[in-house]
>>> print(open('start_19.pdb').read())   # PDB, C-alpha atoms
MODEL        1
ATOM      1  CA  MET A   1     -21.939  -2.235   7.900
ATOM      2  CA  THR A   2     -20.442  -0.506  10.924
ATOM      3  CA  GLU A   3     -21.817   1.518  13.805
ATOM      4  CA  SER A   4     -22.916   5.085  13.173
ATOM      5  CA  PRO A   5     -20.243   7.799  12.965
ATOM      6  CA  ALA A   6     -19.676   9.954  16.024
ATOM      7  CA  ARG A   7     -21.012  13.061  14.277
ATOM      8  CA  ALA A   8     -23.302  13.860  11.385
ATOM      9  CA  PRO A   9     -21.517  13.462   8.043
ATOM     10  CA  ALA A  10     -20.679  16.424   5.842
ATOM     11  CA  LEU A  11     -20.517  14.270   2.700
ATOM     12  CA  ILE A  12     -21.993  10.989   1.496
ATOM     13  CA  LEU A  13     -19.647   9.479  -1.099
ATOM     14  CA  PHE A  14     -21.321   6.890  -3.318
ATOM     15  CA  ASP A  15     -19.995   4.199  -5.550
ATOM     16  CA  LEU A  16     -22.219   3.955  -8.642
ATOM     17  CA  GLY A  17     -22.284   0.405 -10.029
ATOM     18  CA  GLY A  18     -24.172  -1.956  -7.751
ATOM     19  CA  VAL A  19     -25.260   0.857  -5.423
ATOM     20  CA  VAL A  20     -26.894   3.614  -7.487
ATOM     21  CA  VAL A  21     -26.681   2.075 -10.967
ATOM     22  CA  GLN A  22     -27.903  -1.376 -11.933
ATOM     23  CA  GLN A  23     -25.380  -3.444 -13.882
ATOM     24  CA  SER A  24     -25.510  -6.451 -16.153
ATOM     25  CA  GLY A  25     -22.697  -8.285 -17.890
ATOM     26  CA  VAL A  26     -21.724 -11.157 -15.620
ATOM     27  CA  GLU A  27     -24.387 -13.432 -17.090
ATOM     28  CA  THR A  28     -23.176 -12.585 -20.612
ATOM     29  CA  LEU A  29     -19.638 -13.557 -19.634
ATOM     30  CA  HIS A  30     -20.946 -16.791 -18.107
ATOM     31  CA  GLU A  31     -22.707 -17.658 -21.362
ATOM     32  CA  TRP A  32     -19.684 -16.844 -23.487
ATOM     33  CA  MET A  33     -17.453 -18.961 -21.222
ATOM     34  CA  GLN A  34     -20.056 -21.749 -20.892
ATOM     35  CA  TYR A  35     -19.968 -21.285 -17.097
ATOM     36  CA  ARG A  36     -16.329 -22.330 -16.751
ATOM     37  CA  PHE A  37     -15.813 -19.732 -13.993
ATOM     38  CA  THR A  38     -17.927 -18.860 -10.990
ATOM     39  CA  THR A  39     -19.142 -15.297 -10.468
ATOM     40  CA  PRO A  40     -16.574 -14.676  -7.678
ATOM     41  CA  GLU A  41     -13.826 -15.944 -10.006
ATOM     42  CA  ILE A  42     -14.957 -13.532 -12.719
ATOM     43  CA  TRP A  43     -14.924 -10.601 -10.298
ATOM     44  CA  HIS A  44     -11.523 -11.633  -8.969
ATOM     45  CA  TYR A  45     -10.165 -11.551 -12.510
ATOM     46  CA  TRP A  46     -11.878  -8.226 -13.218
ATOM     47  CA  THR A  47     -10.468  -6.522 -10.143
ATOM     48  CA  HIS A  48      -6.929  -7.903 -10.567
ATOM     49  CA  SER A  49      -6.365  -7.583 -14.326
ATOM     50  CA  ARG A  50      -3.634  -5.072 -15.162
ATOM     51  CA  GLU A  51      -5.270  -4.276 -18.503
ATOM     52  CA  ILE A  52      -8.677  -3.607 -16.958
ATOM     53  CA  HIS A  53      -7.041  -1.427 -14.326
ATOM     54  CA  ALA A  54      -5.245   0.517 -17.072
ATOM     55  CA  PHE A  55      -8.477   0.889 -19.056
ATOM     56  CA  GLU A  56     -10.323   2.226 -16.012
ATOM     57  CA  CYS A  57      -7.447   4.654 -15.435
ATOM     58  CA  GLY A  58      -7.780   5.970 -18.985
ATOM     59  CA  LYS A  59      -4.400   4.543 -19.991
ATOM     60  CA  LEU A  60      -5.543   1.796 -22.383
ATOM     61  CA  SER A  61      -7.764   2.011 -25.446
ATOM     62  CA  ALA A  62     -11.096   0.228 -25.640
ATOM     63  CA  THR A  63      -9.770  -2.058 -28.376
ATOM     64  CA  GLU A  64      -6.719  -3.025 -26.321
ATOM     65  CA  PHE A  65      -8.965  -3.655 -23.312
ATOM     66  CA  ALA A  66     -11.311  -5.877 -25.342
ATOM     67  CA  SER A  67      -8.415  -7.822 -26.820
ATOM     68  CA  ALA A  68      -6.982  -8.509 -23.355
ATOM     69  CA  VAL A  69     -10.280  -9.702 -21.862
ATOM     70  CA  ILE A  70     -11.044 -11.925 -24.870
ATOM     71  CA  ARG A  71      -7.560 -13.424 -24.616
ATOM     72  CA  ASP A  72      -7.582 -13.947 -20.864
ATOM     73  CA  LEU A  73     -11.074 -15.424 -20.634
ATOM     74  CA  LYS A  74     -10.865 -17.227 -24.002
ATOM     75  CA  LEU A  75     -14.109 -15.646 -25.163
ATOM     76  CA  PRO A  76     -15.520 -16.862 -28.507
ATOM     77  CA  VAL A  77     -16.398 -13.362 -29.735
ATOM     78  CA  SER A  78     -14.788 -10.598 -31.750
ATOM     79  CA  GLU A  79     -13.612  -7.305 -30.273
ATOM     80  CA  ASP A  80     -16.530  -5.488 -31.929
ATOM     81  CA  VAL A  81     -19.103  -7.863 -30.425
ATOM     82  CA  PHE A  82     -17.491  -7.703 -27.000
ATOM     83  CA  LEU A  83     -17.369  -3.904 -26.968
ATOM     84  CA  ARG A  84     -20.962  -3.575 -28.165
ATOM     85  CA  GLU A  85     -22.151  -5.847 -25.343
ATOM     86  CA  PHE A  86     -19.851  -4.234 -22.801
ATOM     87  CA  ALA A  87     -21.209  -0.763 -23.569
ATOM     88  CA  SER A  88     -24.694  -1.973 -22.606
ATOM     89  CA  TRP A  89     -23.723  -3.279 -19.145
ATOM     90  CA  PRO A  90     -24.939  -0.209 -17.202
ATOM     91  CA  VAL A  91     -28.715  -0.773 -17.180
ATOM     92  CA  GLY A  92     -30.014   2.328 -15.403
ATOM     93  CA  LEU A  93     -30.501   3.823 -11.958
ATOM     94  CA  PHE A  94     -32.053   1.640  -9.281
ATOM     95  CA  GLU A  95     -35.675   2.536  -8.666
ATOM     96  CA  GLY A  96     -35.945   5.527  -6.350
ATOM     97  CA  ALA A  97     -32.244   6.418  -6.416
ATOM     98  CA  HIS A  98     -32.620   9.581  -8.503
ATOM     99  CA  ARG A  99     -35.463  10.933  -6.364
ATOM    100  CA  ASP A 100     -33.847  10.016  -3.050
ATOM    101  CA  ILE A 101     -30.430  11.484  -3.836
ATOM    102  CA  LEU A 102     -31.934  14.749  -5.045
ATOM    103  CA  SER A 103     -33.901  14.951  -1.791
ATOM    104  CA  MET A 104     -30.846  13.985   0.245
ATOM    105  CA  ASN A 105     -28.977  16.975  -1.164
ATOM    106  CA  SER A 106     -31.165  19.214   1.000
ATOM    107  CA  PHE A 107     -29.669  17.580   4.112
ATOM    108  CA  VAL A 108     -26.071  16.775   3.181
ATOM    109  CA  LYS A 109     -23.637  17.079   0.292
ATOM    110  CA  THR A 110     -23.329  14.027  -1.931
ATOM    111  CA  ALA A 111     -20.599  12.872  -4.311
ATOM    112  CA  CYS A 112     -19.675   9.776  -6.277
ATOM    113  CA  TYR A 113     -16.408   8.018  -7.056
ATOM    114  CA  THR A 114     -16.723   5.291  -9.648
ATOM    115  CA  ASN A 115     -14.324   2.967 -11.372
ATOM    116  CA  THR A 116     -15.468   3.462 -14.951
ATOM    117  CA  ASN A 117     -14.246   3.937 -18.487
ATOM    118  CA  GLU A 118     -14.642   5.803 -21.765
ATOM    119  CA  LEU A 119     -17.519   3.576 -22.914
ATOM    120  CA  HIS A 120     -19.673   3.604 -19.798
ATOM    121  CA  TRP A 121     -19.137   7.184 -18.662
ATOM    122  CA  PRO A 122     -20.998   8.901 -21.547
ATOM    123  CA  ARG A 123     -24.044   6.746 -20.780
ATOM    124  CA  LEU A 124     -23.822   7.357 -17.030
ATOM    125  CA  VAL A 125     -23.783  11.105 -17.688
ATOM    126  CA  GLY A 126     -25.886  11.439 -20.831
ATOM    127  CA  GLU A 127     -28.557   8.795 -20.239
ATOM    128  CA  PHE A 128     -28.635   8.456 -16.460
ATOM    129  CA  GLY A 129     -27.713  12.033 -15.489
ATOM    130  CA  VAL A 130     -25.404  11.108 -12.623
ATOM    131  CA  ASN A 131     -23.501  14.387 -12.919
ATOM    132  CA  GLU A 132     -26.728  16.219 -12.034
ATOM    133  CA  LEU A 133     -27.193  14.248  -8.815
ATOM    134  CA  PHE A 134     -23.947  15.014  -6.994
ATOM    135  CA  SER A 135     -22.000  18.088  -5.942
ATOM    136  CA  HIS A 136     -18.735  16.307  -6.825
ATOM    137  CA  VAL A 137     -18.275  13.598  -9.443
ATOM    138  CA  TYR A 138     -15.107  11.502  -9.733
ATOM    139  CA  ALA A 139     -14.586   9.028 -12.575
ATOM    140  CA  SER A 140     -11.486   6.831 -12.482
ATOM    141  CA  HIS A 141     -10.694   7.155 -16.179
ATOM    142  CA  GLU A 142     -10.517  10.937 -15.651
ATOM    143  CA  THR A 143      -8.698  10.992 -12.300
ATOM    144  CA  GLY A 144      -6.316   8.173 -13.266
ATOM    145  CA  ILE A 145      -6.961   6.514  -9.893
ATOM    146  CA  THR A 146      -9.133   3.464  -9.256
ATOM    147  CA  LYS A 147     -10.548   2.214  -5.992
ATOM    148  CA  PRO A 148      -9.472   0.528  -3.766
ATOM    149  CA  SER A 149      -6.397   2.756  -3.827
ATOM    150  CA  GLN A 150      -6.439   5.078  -0.834
ATOM    151  CA  GLN A 151      -5.294   7.790  -3.242
ATOM    152  CA  ALA A 152      -8.887   7.911  -4.496
ATOM    153  CA  PHE A 153     -10.185   8.829  -1.055
ATOM    154  CA  HIS A 154      -7.364  11.287  -0.404
ATOM    155  CA  LEU A 155      -8.245  12.992  -3.702
ATOM    156  CA  VAL A 156     -11.822  13.463  -2.513
ATOM    157  CA  LEU A 157     -10.666  14.782   0.860
ATOM    158  CA  ARG A 158      -8.271  17.285  -0.733
ATOM    159  CA  ASP A 159     -10.865  18.418  -3.247
ATOM    160  CA  THR A 160     -13.630  18.925  -0.689
ATOM    161  CA  GLY A 161     -11.451  20.144   2.182
ATOM    162  CA  LEU A 162     -13.004  17.582   4.518
ATOM    163  CA  GLN A 163     -11.513  15.296   7.143
ATOM    164  CA  PRO A 164     -11.962  11.507   6.833
ATOM    165  CA  GLU A 165     -14.389  11.421   9.753
ATOM    166  CA  ASP A 166     -16.636  13.876   7.867
ATOM    167  CA  VAL A 167     -17.296  11.408   5.035
ATOM    168  CA  VAL A 168     -19.536   8.348   4.783
ATOM    169  CA  PHE A 169     -18.639   6.056   1.874
ATOM    170  CA  VAL A 170     -21.163   3.613   0.356
ATOM    171  CA  ASP A 171     -19.965   0.751  -1.872
ATOM    172  CA  ASP A 172     -20.831  -2.826  -2.829
ATOM    173  CA  ASN A 173     -17.215  -4.036  -2.891
ATOM    174  CA  LEU A 174     -15.684  -5.129   0.425
ATOM    175  CA  VAL A 175     -12.148  -4.391  -0.777
ATOM    176  CA  ASN A 176     -13.131  -0.769  -1.414
ATOM    177  CA  ILE A 177     -14.917  -0.615   1.933
ATOM    178  CA  GLN A 178     -11.821  -1.775   3.788
ATOM    179  CA  SER A 179      -9.624   0.728   1.974
ATOM    180  CA  ALA A 180     -12.015   3.543   2.876
ATOM    181  CA  ARG A 181     -12.003   2.480   6.523
ATOM    182  CA  ASP A 182      -8.211   2.294   6.501
ATOM    183  CA  THR A 183      -8.251   5.892   5.248
ATOM    184  CA  GLY A 184     -10.450   6.882   8.188
ATOM    185  CA  LEU A 185     -13.800   7.158   6.425
ATOM    186  CA  HIS A 186     -16.977   5.657   7.817
ATOM    187  CA  ALA A 187     -17.962   3.019   5.244
ATOM    188  CA  LEU A 188     -21.184   1.111   4.542
ATOM    189  CA  HIS A 189     -21.192  -2.128   2.568
ATOM    190  CA  VAL A 190     -24.444  -2.522   0.625
ATOM    191  CA  GLN A 191     -25.907  -4.226  -2.428
ATOM    192  CA  GLY A 192     -28.349  -2.057  -4.348
ATOM    193  CA  TRP A 193     -30.267   1.074  -3.502
ATOM    194  CA  ASP A 194     -32.705  -0.472  -1.021
ATOM    195  CA  GLU A 195     -29.808  -1.646   1.162
ATOM    196  CA  ALA A 196     -28.111   1.717   0.748
ATOM    197  CA  LYS A 197     -31.200   3.502   2.081
ATOM    198  CA  ARG A 198     -31.427   1.189   5.073
ATOM    199  CA  ALA A 199     -27.733   1.612   5.862
ATOM    200  CA  LEU A 200     -27.865   5.392   5.489
ATOM    201  CA  SER A 201     -30.806   5.633   7.864
ATOM    202  CA  SER A 202     -28.304   5.121  10.688
ATOM    203  CA  VAL A 203     -26.280   8.185   9.701
ATOM    204  CA  LEU A 204     -29.077  10.382   8.309
ATOM    205  CA  PRO A 205     -32.019   9.613  10.593
ATOM    206  CA  ALA A 206     -33.594  13.009   9.927
ATOM    207  CA  PHE A 207     -33.821  12.186   6.228
ATOM    208  CA  PHE A 208     -34.931   8.567   6.384
TER     209      PHE A 208
ENDMDL
END
>>> encode(input="start_19.pdb", output="structure tokens")
Amino acid sequence: MTESPARAPALILFDLGGVVVQQSGVETLHEWMQYRFTTPEIWHYWTHSREIHAFECGKLSATEFASAVIRDLKLPVSEDVFLREFASWPVGLFEGAHRDILSMNSFVKTACYTNTNELHWPRLVGEFGVNELFSHVYASHETGITKPSQQAFHLVLRDTGLQPEDVVFVDDNLVNIQSARDTGLHALHVQGWDEAKRALSSVLPAFF
């Protein structure tokens, strides 16, 4: 976390997974790989794989994505099994997130920018209703841009007409946090909704 911004924010920009939405999946990968890799090693692979990046940009099919991950991690499962499990990784909203964000909208505009894909997005919208929570919703497989690229933040700024200092960004990934700060946004590194609320209390004291 960093010190509070110099002025009240005009927009709170949320990541979804790990901040607003609970995720599973890492433990499944551990079991399939018989714990050959540590959790940080899995995330390093996930954030650096060209195929995963292409899938989250909407440029690779789900089958091609599954084939690449199975190959790279030497997973003992078929593409169908992998994709069925993968589709279930978003678990639901963290407790209180839906209520708090709806209430927050009375004080400040909110938006989300998530690295996601064609399998998770229908569940995030249809089951979890994330598109109803935010004034602006950005999904990487639709924009063609994934975080931590600064292009993602510039897209938000152009679309909203705001300056970087007007935006507070909340994410669980330090690489994304650093990119946001390099773009000029105020950024809060958190894990889960409870931490997000505590961090946001410094920039939205009237709400919290």
>>> resolve_selection(input="start_19.pdb", expression="the PyMOL selection byres ((chain A and resi 83) around 12)", output="ChimeraX atom specification")
/A:25,61-70,77-82,84-89,117-120
>>> resolve_selection(input="start_19.pdb", expression="the PyMOL selection byres ((chain A and resi 134-144) around 10)", output="JSON, numbers by chain")
{"A": [11, 12, 13, 14, 15, 16, 53, 54, 55, 56, 57, 58, 59, 60, 101, 102, 105, 109, 110, 111, 112, 113, 114, 115, 116, 117, 118, 121, 129, 130, 131, 132, 133, 145, 146, 147, 152, 155, 156, 159, 160]}
>>> axis_aligned_box(input="start_19.pdb", around="stretch 159-172 of chain A", padding_each_side="5 Å", output="lines of an AutoDock Vina configuration file")
center_x = -16.0
center_y = 8.7
center_z = 3.3
size_x = 20.3
size_y = 33.0
size_z = 23.0
>>> residues_near_point(input="start_19.pdb", point="(-32.1, 5.1, 0.9)", cutoff="12 Å", atoms="all atoms listed in the file", output="JSON, numbers by chain")
{"A": [12, 14, 19, 20, 94, 95, 96, 97, 98, 99, 100, 101, 102, 103, 104, 170, 190, 191, 192, 193, 194, 195, 196, 197, 198, 199, 200, 201, 202, 203, 204, 205, 207, 208]}
>>> residues_around(input="start_19.pdb", residues="stretch 28-40 of chain A", least_positions_apart="3", cutoff="8 Å", atoms="only C-alpha atoms", output="count of residues only")
9
>>> resolve_selection(input="start_19.pdb", expression="the PyMOL selection byres ((chain A and resi 172-184) around 9)", output="ChimeraX atom specification")
/A:15,17-19,147-150,153-154,163-165,167,169-171,185-192
>>> write_last_selection(input="start_19.pdb", atoms="C-alpha atoms", output="PDB file, in the coordinates of the input")
ATOM      1  CA  ASP A  15     -19.995   4.199  -5.550  1.00  0.00           C
ATOM      2  CA  GLY A  17     -22.284   0.405 -10.029  1.00  0.00           C
ATOM      3  CA  GLY A  18     -24.172  -1.956  -7.751  1.00  0.00           C
ATOM      4  CA  VAL A  19     -25.260   0.857  -5.423  1.00  0.00           C
ATOM      5  CA  LYS A 147     -10.548   2.214  -5.992  1.00  0.00           C
ATOM      6  CA  PRO A 148      -9.472   0.528  -3.766  1.00  0.00           C
ATOM      7  CA  SER A 149      -6.397   2.756  -3.827  1.00  0.00           C
ATOM      8  CA  GLN A 150      -6.439   5.078  -0.834  1.00  0.00           C
ATOM      9  CA  PHE A 153     -10.185   8.829  -1.055  1.00  0.00           C
ATOM     10  CA  HIS A 154      -7.364  11.287  -0.404  1.00  0.00           C
ATOM     11  CA  GLN A 163     -11.513  15.296   7.143  1.00  0.00           C
ATOM     12  CA  PRO A 164     -11.962  11.507   6.833  1.00  0.00           C
ATOM     13  CA  GLU A 165     -14.389  11.421   9.753  1.00  0.00           C
ATOM     14  CA  VAL A 167     -17.296  11.408   5.035  1.00  0.00           C
ATOM     15  CA  PHE A 169     -18.639   6.056   1.874  1.00  0.00           C
ATOM     16  CA  VAL A 170     -21.163   3.613   0.356  1.00  0.00           C
ATOM     17  CA  ASP A 171     -19.965   0.751  -1.872  1.00  0.00           C
ATOM     18  CA  LEU A 185     -13.800   7.158   6.425  1.00  0.00           C
ATOM     19  CA  HIS A 186     -16.977   5.657   7.817  1.00  0.00           C
ATOM     20  CA  ALA A 187     -17.962   3.019   5.244  1.00  0.00           C
ATOM     21  CA  LEU A 188     -21.184   1.111   4.542  1.00  0.00           C
ATOM     22  CA  HIS A 189     -21.192  -2.128   2.568  1.00  0.00           C
ATOM     23  CA  VAL A 190     -24.444  -2.522   0.625  1.00  0.00           C
ATOM     24  CA  GLN A 191     -25.907  -4.226  -2.428  1.00  0.00           C
ATOM     25  CA  GLY A 192     -28.349  -2.057  -4.348  1.00  0.00           C
TER      26      GLY A 192
END
>>> closest_residue(input="start_19.pdb", among="A:Leu157, A:Val91, A:Ala8, A:Ile42", to="A:Ala206", atoms="all atoms listed in the file")
A:Ala8
>>> atom_distance(input="start_19.pdb", atom1="atom CA of A:Glu51", atom2="atom CA of A:Val26")
18.1 Å
>>> atom_distance(input="start_19.pdb", atom1="atom CA of A:Pro90", atom2="atom CA of A:Ile52")
16.6 Å
>>> atom_distance(input="start_19.pdb", atom1="atom CA of A:Glu127", atom2="atom CA of A:Gln23")
14.2 Å
